[in-house]
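Data from start12.csv: CSV, C-alpha atoms
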```csv
chain,number,residue,atom,x,y,z
A,1424,THR,CA,-108.6,-42.1,-186.3
A,1425,LYS,CA,-105.6,-40.7,-184.3
A,1426,GLU,CA,-105.0,-38.1,-187.1
A,1427,GLU,CA,-108.6,-36.9,-186.9
A,1428,LYS,CA,-108.4,-36.6,-183.1
A,1429,PHE,CA,-105.0,-34.8,-183.4
A,1430,GLN,CA,-106.5,-32.2,-185.9
A,1431,LYS,CA,-109.6,-31.8,-183.6
A,1432,TYR,CA,-107.5,-30.9,-180.5
A,1433,GLN,CA,-105.2,-28.7,-182.6
A,1434,GLN,CA,-108.2,-26.7,-183.8
A,1435,LEU,CA,-109.8,-26.6,-180.3
A,1436,PHE,CA,-106.5,-25.2,-178.9
A,1437,LYS,CA,-106.5,-22.4,-181.5
A,1438,GLU,CA,-110.1,-21.6,-180.9
A,1439,LEU,CA,-109.7,-21.5,-177.1
A,1440,MET,CA,-106.6,-19.3,-177.4
A,1441,VAL,CA,-108.5,-16.8,-179.6
A,1442,LYS,CA,-111.3,-16.6,-177.1
A,1443,ALA,CA,-108.8,-16.2,-174.2
A,1444,GLN,CA,-106.9,-13.4,-175.8
A,1445,LYS,CA,-110.2,-11.4,-176.1
A,1446,LEU,CA,-110.8,-11.5,-172.3
A,1447,PRO,CA,-109.4,-9.1,-169.7
A,1448,PRO,CA,-106.0,-10.1,-168.3
A,1449,GLY,CA,-106.2,-11.9,-164.9
A,1450,SER,CA,-109.9,-12.5,-165.2
A,1451,VAL,CA,-111.4,-15.8,-164.0
A,1452,SER,CA,-112.8,-16.5,-167.5
A,1453,LYS,CA,-109.4,-15.9,-169.1
A,1454,ARG,CA,-107.7,-18.3,-166.7
A,1455,ALA,CA,-110.4,-20.9,-167.4
A,1456,TYR,CA,-110.0,-20.7,-171.2
A,1457,MET,CA,-106.2,-20.8,-170.8
A,1458,THR,CA,-106.4,-24.0,-168.8
A,1459,LYS,CA,-108.7,-25.6,-171.3
A,1460,ALA,CA,-106.4,-24.5,-174.1
A,1461,ARG,CA,-103.4,-26.1,-172.3
A,1462,ASN,CA,-105.3,-29.3,-172.0
A,1463,ALA,CA,-106.3,-29.3,-175.7
A,1464,LYS,CA,-102.6,-28.7,-176.6
A,1465,ALA,CA,-101.4,-31.4,-174.3
A,1466,MET,CA,-103.9,-33.9,-175.9
A,1467,ALA,CA,-102.7,-32.9,-179.4
A,1468,ASP,CA,-99.1,-33.4,-178.3
A,1469,ALA,CA,-99.8,-36.8,-176.8
A,1470,LEU,CA,-101.5,-37.9,-180.0
A,1471,ALA,CA,-98.6,-36.6,-182.1
A,1472,TYR,CA,-96.2,-38.5,-179.8
A,1473,ASN,CA,-98.0,-41.8,-180.6
A,1474,LYS,CA,-98.6,-40.9,-184.2
A,1475,ASP,CA,-95.0,-40.1,-185.1
A,1476,LYS,CA,-93.3,-43.2,-183.8
A,1477,PRO,CA,-91.3,-44.9,-186.5
A,1478,GLU,CA,-92.5,-48.4,-187.6
A,1479,ALA,CA,-89.3,-50.0,-186.3
A,1480,GLU,CA,-89.8,-48.4,-182.9
A,1481,ALA,CA,-93.4,-49.6,-182.8
A,1482,LYS,CA,-92.3,-53.2,-183.4
A,1483,LYS,CA,-89.7,-52.8,-180.6
A,1484,ARG,CA,-92.5,-51.8,-178.3
A,1485,ALA,CA,-94.6,-54.9,-178.9
A,1486,PRO,CA,-96.0,-55.9,-175.5
A,1487,ARG,CA,-94.4,-58.8,-173.7
A,1488,THR,CA,-96.5,-61.2,-171.7
A,1489,ASP,CA,-94.0,-63.2,-169.6
A,1490,PHE,CA,-94.5,-61.2,-166.4
A,1491,ASN,CA,-97.1,-60.9,-163.7
A,1492,ILE,CA,-98.0,-58.1,-161.3
A,1493,LYS,CA,-98.4,-58.7,-157.6
A,1494,PRO,CA,-97.9,-56.9,-154.2
A,1495,ALA,CA,-94.2,-56.1,-153.6
A,1496,THR,CA,-92.5,-58.1,-150.8
A,1497,ALA,CA,-89.8,-57.2,-148.3
A,1498,GLU,CA,-87.3,-59.3,-150.2
A,1499,MET,CA,-87.8,-57.1,-153.3
A,1500,ALA,CA,-86.8,-53.8,-151.5
A,1501,ALA,CA,-83.2,-53.6,-152.5
A,1502,GLU,CA,-83.7,-54.5,-156.1
A,1503,LEU,CA,-86.7,-52.2,-156.5
A,1504,THR,CA,-84.7,-49.4,-155.0
A,1505,SER,CA,-82.1,-49.8,-157.7
A,1506,ILE,CA,-84.7,-50.0,-160.4
A,1507,ILE,CA,-86.4,-46.8,-159.3
A,1508,ASN,CA,-83.2,-44.8,-158.9
A,1509,ASP,CA,-81.9,-46.0,-162.3
A,1510,ALA,CA,-85.1,-45.2,-164.0
A,1511,TYR,CA,-85.3,-41.7,-162.5
A,1512,ARG,CA,-81.7,-40.7,-162.6
A,1513,GLY,CA,-79.9,-43.2,-164.8
A,1514,LYS,CA,-77.2,-45.7,-164.0
A,1515,GLU,CA,-73.7,-44.9,-162.7
A,1516,ASP,CA,-72.3,-46.1,-166.1
A,1517,GLY,CA,-74.3,-43.5,-167.9
A,1518,SER,CA,-77.0,-45.7,-169.3
A,1519,LYS,CA,-80.5,-44.4,-169.2
A,1520,GLY,CA,-84.1,-45.4,-170.0
A,1521,TRP,CA,-86.1,-43.6,-172.7
A,1522,THR,CA,-87.0,-40.8,-170.2
A,1523,THR,CA,-85.2,-39.6,-167.1
A,1524,GLU,CA,-84.8,-36.8,-164.6
A,1525,ASP,CA,-81.0,-36.9,-165.0
A,1526,GLU,CA,-80.9,-33.5,-166.8
A,1527,ILE,CA,-82.7,-31.6,-164.1
A,1528,LEU,CA,-81.9,-33.5,-160.8
A,1529,SER,CA,-78.9,-35.2,-159.2
A,1530,GLY,CA,-78.9,-37.7,-156.4
A,1531,ARG,CA,-81.4,-40.4,-155.6
A,1532,ARG,CA,-85.1,-40.8,-156.0
A,1533,THR,CA,-85.5,-43.0,-152.9
A,1534,THR,CA,-83.7,-45.2,-150.4
A,1535,GLU,CA,-84.0,-48.9,-149.5
A,1536,GLU,CA,-85.2,-47.8,-146.0
A,1537,GLU,CA,-87.9,-45.6,-147.4
A,1538,LEU,CA,-89.1,-48.2,-149.8
A,1539,SER,CA,-89.1,-51.0,-147.2
A,1540,ALA,CA,-91.4,-48.8,-145.1
A,1541,VAL,CA,-93.7,-48.4,-148.1
A,1542,ILE,CA,-93.7,-52.2,-148.7
A,1543,GLN,CA,-94.5,-52.9,-145.0
A,1544,ARG,CA,-97.5,-50.5,-145.0
A,1545,SER,CA,-98.6,-52.0,-148.3
A,1546,LEU,CA,-98.5,-55.6,-146.9
A,1547,LEU,CA,-100.4,-54.6,-143.8
A,1548,GLY,CA,-103.1,-53.1,-145.9
A,1549,THR,CA,-104.4,-50.8,-143.2
A,1550,GLU,CA,-103.4,-47.4,-144.5
A,1551,GLY,CA,-104.8,-47.3,-148.0
A,1552,GLU,CA,-101.4,-47.8,-149.6
A,1553,SER,CA,-100.2,-50.4,-152.1
A,1554,LEU,CA,-96.9,-51.1,-153.8
A,1555,LEU,CA,-97.3,-53.3,-156.8
A,1556,ALA,CA,-94.4,-55.1,-158.6
A,1557,ALA,CA,-94.0,-56.5,-162.0
A,1558,VAL,CA,-92.1,-59.8,-161.8
A,1559,ILE,CA,-90.4,-62.2,-164.2
A,1560,ASP,CA,-89.3,-65.5,-162.8
A,1561,GLY,CA,-89.5,-64.2,-159.2
A,1562,ARG,CA,-87.3,-61.1,-160.0
A,1563,PRO,CA,-88.9,-57.6,-159.8
A,1564,ILE,CA,-88.6,-55.6,-163.0
A,1565,GLY,CA,-90.8,-52.6,-162.1
A,1566,CYS,CA,-93.2,-51.1,-159.6
A,1567,VAL,CA,-96.0,-48.5,-159.0
A,1568,ARG,CA,-97.4,-47.1,-155.8
A,1569,VAL,CA,-101.1,-46.4,-155.1
A,1570,GLU,CA,-102.2,-44.4,-152.1
A,1571,LYS,CA,-105.7,-43.4,-151.2
A,1572,THR,CA,-105.5,-39.7,-150.4
A,1573,SER,CA,-109.1,-38.7,-150.0
A,1574,GLU,CA,-112.6,-40.2,-150.2
A,1575,ILE,CA,-112.6,-40.0,-153.9
A,1576,GLU,CA,-108.9,-39.9,-155.0
A,1577,ALA,CA,-105.9,-42.1,-155.1
A,1578,GLU,CA,-102.4,-40.9,-156.0
A,1579,ILE,CA,-100.2,-42.9,-158.3
A,1580,GLY,CA,-96.4,-42.6,-158.0
A,1581,MET,CA,-93.0,-44.2,-157.5
A,1582,PHE,CA,-93.6,-45.7,-161.0
A,1583,ALA,CA,-90.5,-47.3,-162.6
A,1584,VAL,CA,-89.5,-50.1,-165.0
A,1585,ASP,CA,-86.1,-51.6,-165.4
A,1586,ILE,CA,-84.4,-49.5,-168.0
A,1587,ASP,CA,-83.3,-52.5,-170.0
A,1588,LEU,CA,-86.9,-53.7,-170.2
A,1589,GLN,CA,-88.7,-50.4,-171.0
A,1590,SER,CA,-91.0,-49.9,-174.1
A,1591,GLN,CA,-92.3,-53.4,-173.9
A,1592,GLY,CA,-95.7,-52.9,-172.4
A,1593,ILE,CA,-94.7,-53.4,-168.8
A,1594,GLY,CA,-95.3,-49.8,-167.7
A,1595,ARG,CA,-98.8,-49.7,-169.3
A,1596,ALA,CA,-99.7,-53.0,-167.6
A,1597,LEU,CA,-98.5,-51.6,-164.2
A,1598,PHE,CA,-100.7,-48.5,-164.7
A,1599,ASN,CA,-103.7,-50.6,-165.6
A,1600,LYS,CA,-103.2,-52.6,-162.4
A,1601,ALA,CA,-102.6,-49.5,-160.4
A,1602,GLU,CA,-105.9,-48.0,-161.6
A,1603,GLU,CA,-107.7,-51.2,-160.8
A,1604,GLN,CA,-106.2,-51.1,-157.3
A,1605,ALA,CA,-107.3,-47.5,-156.9
A,1606,LYS,CA,-110.9,-48.4,-157.8
A,1607,SER,CA,-110.8,-51.3,-155.3
A,1608,MET,CA,-109.8,-48.8,-152.6
A,1609,GLY,CA,-113.0,-46.8,-153.4
A,1610,ALA,CA,-111.4,-44.0,-155.5
A,1611,TYR,CA,-112.9,-42.9,-158.7
A,1612,MET,CA,-110.2,-40.4,-159.6
A,1613,ALA,CA,-106.5,-41.2,-160.1
A,1614,VAL,CA,-104.1,-38.3,-159.7
A,1615,MET,CA,-100.4,-37.8,-160.2
A,1616,GLN,CA,-97.9,-35.0,-159.6
A,1617,VAL,CA,-95.5,-34.7,-162.6
A,1618,ILE,CA,-92.5,-32.3,-162.9
A,1619,THR,CA,-93.5,-29.8,-165.6
A,1620,ALA,CA,-90.0,-29.9,-167.2
A,1621,ARG,CA,-90.5,-33.6,-168.0
A,1622,GLU,CA,-92.5,-33.1,-171.2
A,1623,ASP,CA,-91.7,-36.5,-172.6
A,1624,ILE,CA,-93.2,-38.5,-169.7
A,1625,LEU,CA,-96.1,-36.1,-169.4
A,1626,LYS,CA,-97.1,-36.7,-173.0
A,1627,TRP,CA,-97.0,-40.5,-172.2
A,1628,TYR,CA,-99.3,-40.1,-169.2
A,1629,LEU,CA,-101.7,-38.0,-171.3
A,1630,SER,CA,-101.7,-40.8,-173.9
A,1631,LEU,CA,-103.0,-43.0,-171.1
A,1632,GLY,CA,-106.0,-40.8,-170.6
A,1633,TYR,CA,-104.7,-38.4,-168.0
A,1634,THR,CA,-105.6,-34.7,-168.2
A,1635,ALA,CA,-103.4,-31.7,-167.2
A,1636,THR,CA,-105.2,-29.5,-164.7
A,1637,GLY,CA,-102.9,-26.4,-164.6
A,1638,ILE,CA,-102.7,-26.8,-160.8
A,1639,ARG,CA,-99.0,-26.5,-159.8
A,1640,ALA,CA,-97.0,-26.7,-156.7
A,1641,GLU,CA,-93.3,-26.1,-156.0
A,1642,PHE,CA,-91.1,-29.1,-156.2
A,1643,PRO,CA,-89.9,-30.1,-152.7
A,1644,GLU,CA,-86.4,-29.9,-151.3
A,1645,SER,CA,-84.8,-33.1,-150.0
A,1646,GLU,CA,-81.5,-34.4,-148.8
A,1647,LEU,CA,-81.8,-37.1,-151.4
A,1648,TRP,CA,-81.6,-34.9,-154.5
A,1649,GLU,CA,-80.5,-31.5,-155.7
A,1650,VAL,CA,-81.9,-29.4,-158.6
A,1651,LYS,CA,-79.3,-28.9,-161.3
A,1652,GLY,CA,-78.6,-25.3,-162.2
A,1653,ASP,CA,-80.6,-22.3,-161.2
A,1654,ARG,CA,-83.9,-23.5,-162.5
A,1655,LYS,CA,-87.0,-23.7,-160.4
A,1656,LEU,CA,-89.1,-26.9,-160.7
A,1657,PHE,CA,-92.8,-27.4,-160.3
A,1658,PHE,CA,-95.2,-30.3,-160.0
A,1659,GLU,CA,-98.3,-30.2,-162.1
A,1660,ARG,CA,-101.4,-32.2,-161.0
A,1661,ILE,CA,-102.8,-34.5,-163.7
A,1662,GLU,CA,-105.8,-36.6,-163.2
A,1663,LYS,CA,-108.0,-39.3,-164.7
A,1664,THR,CA,-111.6,-40.3,-164.0
A,1665,LEU,CA,-111.7,-44.1,-163.4
A,1666,ASP,CA,-114.4,-46.0,-165.2
```

File written out as structure tokens:
Amino acid sequence: TKEEKFQKYQQLFKELMVKAQKLPPGSVSKRAYMTKARNAKAMADALAYNKDKPEAEAKKRAPRTDFNIKPATAEMAAELTSIINDAYRGKEDGSKGWTTEDEILSGRRTTEEELSAVIQRSLLGTEGESLLAAVIDGRPIGCVRVEKTSEIEAEIGMFAVDIDLQSQGIGRALFNKAEEQAKSMGAYMAVMQVITAREDILKWYLSLGYTATGIRAEFPESELWEVKGDRKLFFERIEKTLD
């Protein structure tokens, strides 16, 4: 059961931390145990995230089936750009999805020009890149990008669902399709770069079977966005072996 798995990872986290504390500071063994402990804690948090949902919320999240997923087309660029920016930063009227970067970043996530270029490369199919769109009655309601980055890996990103249609199974369906696309490209590892400050979405990704690696990189600067306050942001690599 989920409760048993939660208790298992909680106990594993405690055991790994005890072992790590007995090792010399800065040692390779200590860093290895700390990474394993973080992964165990992340899995416990992800299980708790699913376990603690109220029944009413669970009913609200019942999957819908009136959409299909297909390659994005040039005609979808403008609408998908709005969906992505609204999902990551919130709408101008203040409405937001269940998770957002609005508290840590201002500005835009992408532009129509950038997204159009992604779609063009995706449709050409020559650069190991694909942008998939979830569609209802011909209207895009979400998307996800898959890019082959090495012989064995594909990176998943630019993931977004219309904020008015979130928590209805669309995002999970997009991820399933993205992973299928990654495998069709010859990858057997899916990777993502997630801002460490976004604990809510990180827990959701972990509930899909992704694992935190402890590998971090500085969040990039861009003319499109600005970090709020004096905080320093980092990406963390998460990954999942594709069956």

- Please identify all polymer residues within 12 Å of Tyr1633 of chain A, counting all atoms listed in the file, omitting same-chain residues fewer than 5 positions from it, and present them as a PyMOL selection string. chain A and resi 1462+1465-1466+1469+1579+1598+1602+1612-1617+1624-1628+1659-1665

- Length of the atom CA of Lys1464 of chain A to atom CA of Asp1525 of chain A vector [Å]: 25.9 Å

- Task: Using all atoms listed in the file, pick whichever of A:Asp1585, A:Glu1552, A:Glu1427, A:Glu1498 has the shortest atom-to-atom distance to Tyr1511 of chain A.
- Result: A:Asp1585

- Quick one, how far is atom CA of Gln1604 of chain A from atom CA of Asp1509 of chain A?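 For atom CA of Gln1604 of chain A relative to atom CA of Asp1509 of chain A, the distance reads 25.3 Å.
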